[in-house]
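Some notes on the structure that comes next.
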Amino acid sequence: MRVSTKITGVFAIIFFLSIIATGCVTAQKNEQGSDGGDTPARIEFEQGIIEGNILVNSQPDNEADGTIEPASGDSLYMTDSGTITVTANVPAAGDYVVKIYYALPTSYGDKENNVMVNDTDLGPQKFPATGGKWTAKWIQATLQEGDNTISISHNWGYTWFDYLTVEALF
């Protein structure tokens, strides 16, 4: 009886936390594609400012591991230099989760790339190898109401980037 009560309590807590965790930015419709619903705006990296040695890939591939899983459209491959900058619009100032969707073949190992939000340098962020599958790297950031610039710049590089989303942190 006690075990089932504890298990039920644990599941109730997990359920409650999952409801809280799904709270998303409900931004106004903007060029990043937010529809004003509960789906966070999807901001494609190839629509941002691309500087340095970054390749736009329709069908990314990797000679060592075969193919990288197909992206949502084009993706960007940051090689030995470069910066990608996009703009995210949020309805209110506060803490948010920036989810950066990226892929790395296992043979490449983990990589670090620098992330900057507005004028705040978040420093090197570890992007673990994904076996070529697209995975979200979660980064907590304080954003201002309206437009915010989010940049990823080369540290190790050699990482594929697809898009990012921004969700309110509850």
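Chain lettering (A, B, ...) mirrors the order of the structure tokens, residue numbering begins at 1 for each chain separately, and ligand numbering begins at 1 in order of display.
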Exercise. Find the residues around segment 103-119 of chain A up to 8 Å (only C-alpha atoms counted), leave out those fewer than 6 positions away in its own chain, and share them as a PyMOL selection string.
Key: chain A and resi 62+64-65+68+125-135+141+143+148-161
Self-check item: Minimum-distance residue to Asn89 of chain A, chosen among A:Phe170, A:Gly146, A:Asp162, A:Tyr77 (using only C-alpha atoms)
Solution: A:Gly146
Self-check item: Counting only C-alpha atoms, the residue of A:Ala71, A:Ala93, A:Leu169, A:Gly123 that sits nearest Phe45 of chain A
Solution: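 Using only C-alpha atoms, Phe45 of chain A sits closest to A:Ala71.
The two atoms in question, atom CA of Asp74 of chain A and atom CA of Leu122 of chain A, are spaced 26.2 Å apart.
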Self-check item: Straight-line distance linking atom CA of Ser75 of chain A with atom CA of Tyr102 of chain A, stated in Å to one decimal
Solution: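 Taking atom CA of Ser75 of chain A as the start and atom CA of Tyr102 of chain A as the end point, the length is 8.9 Å.
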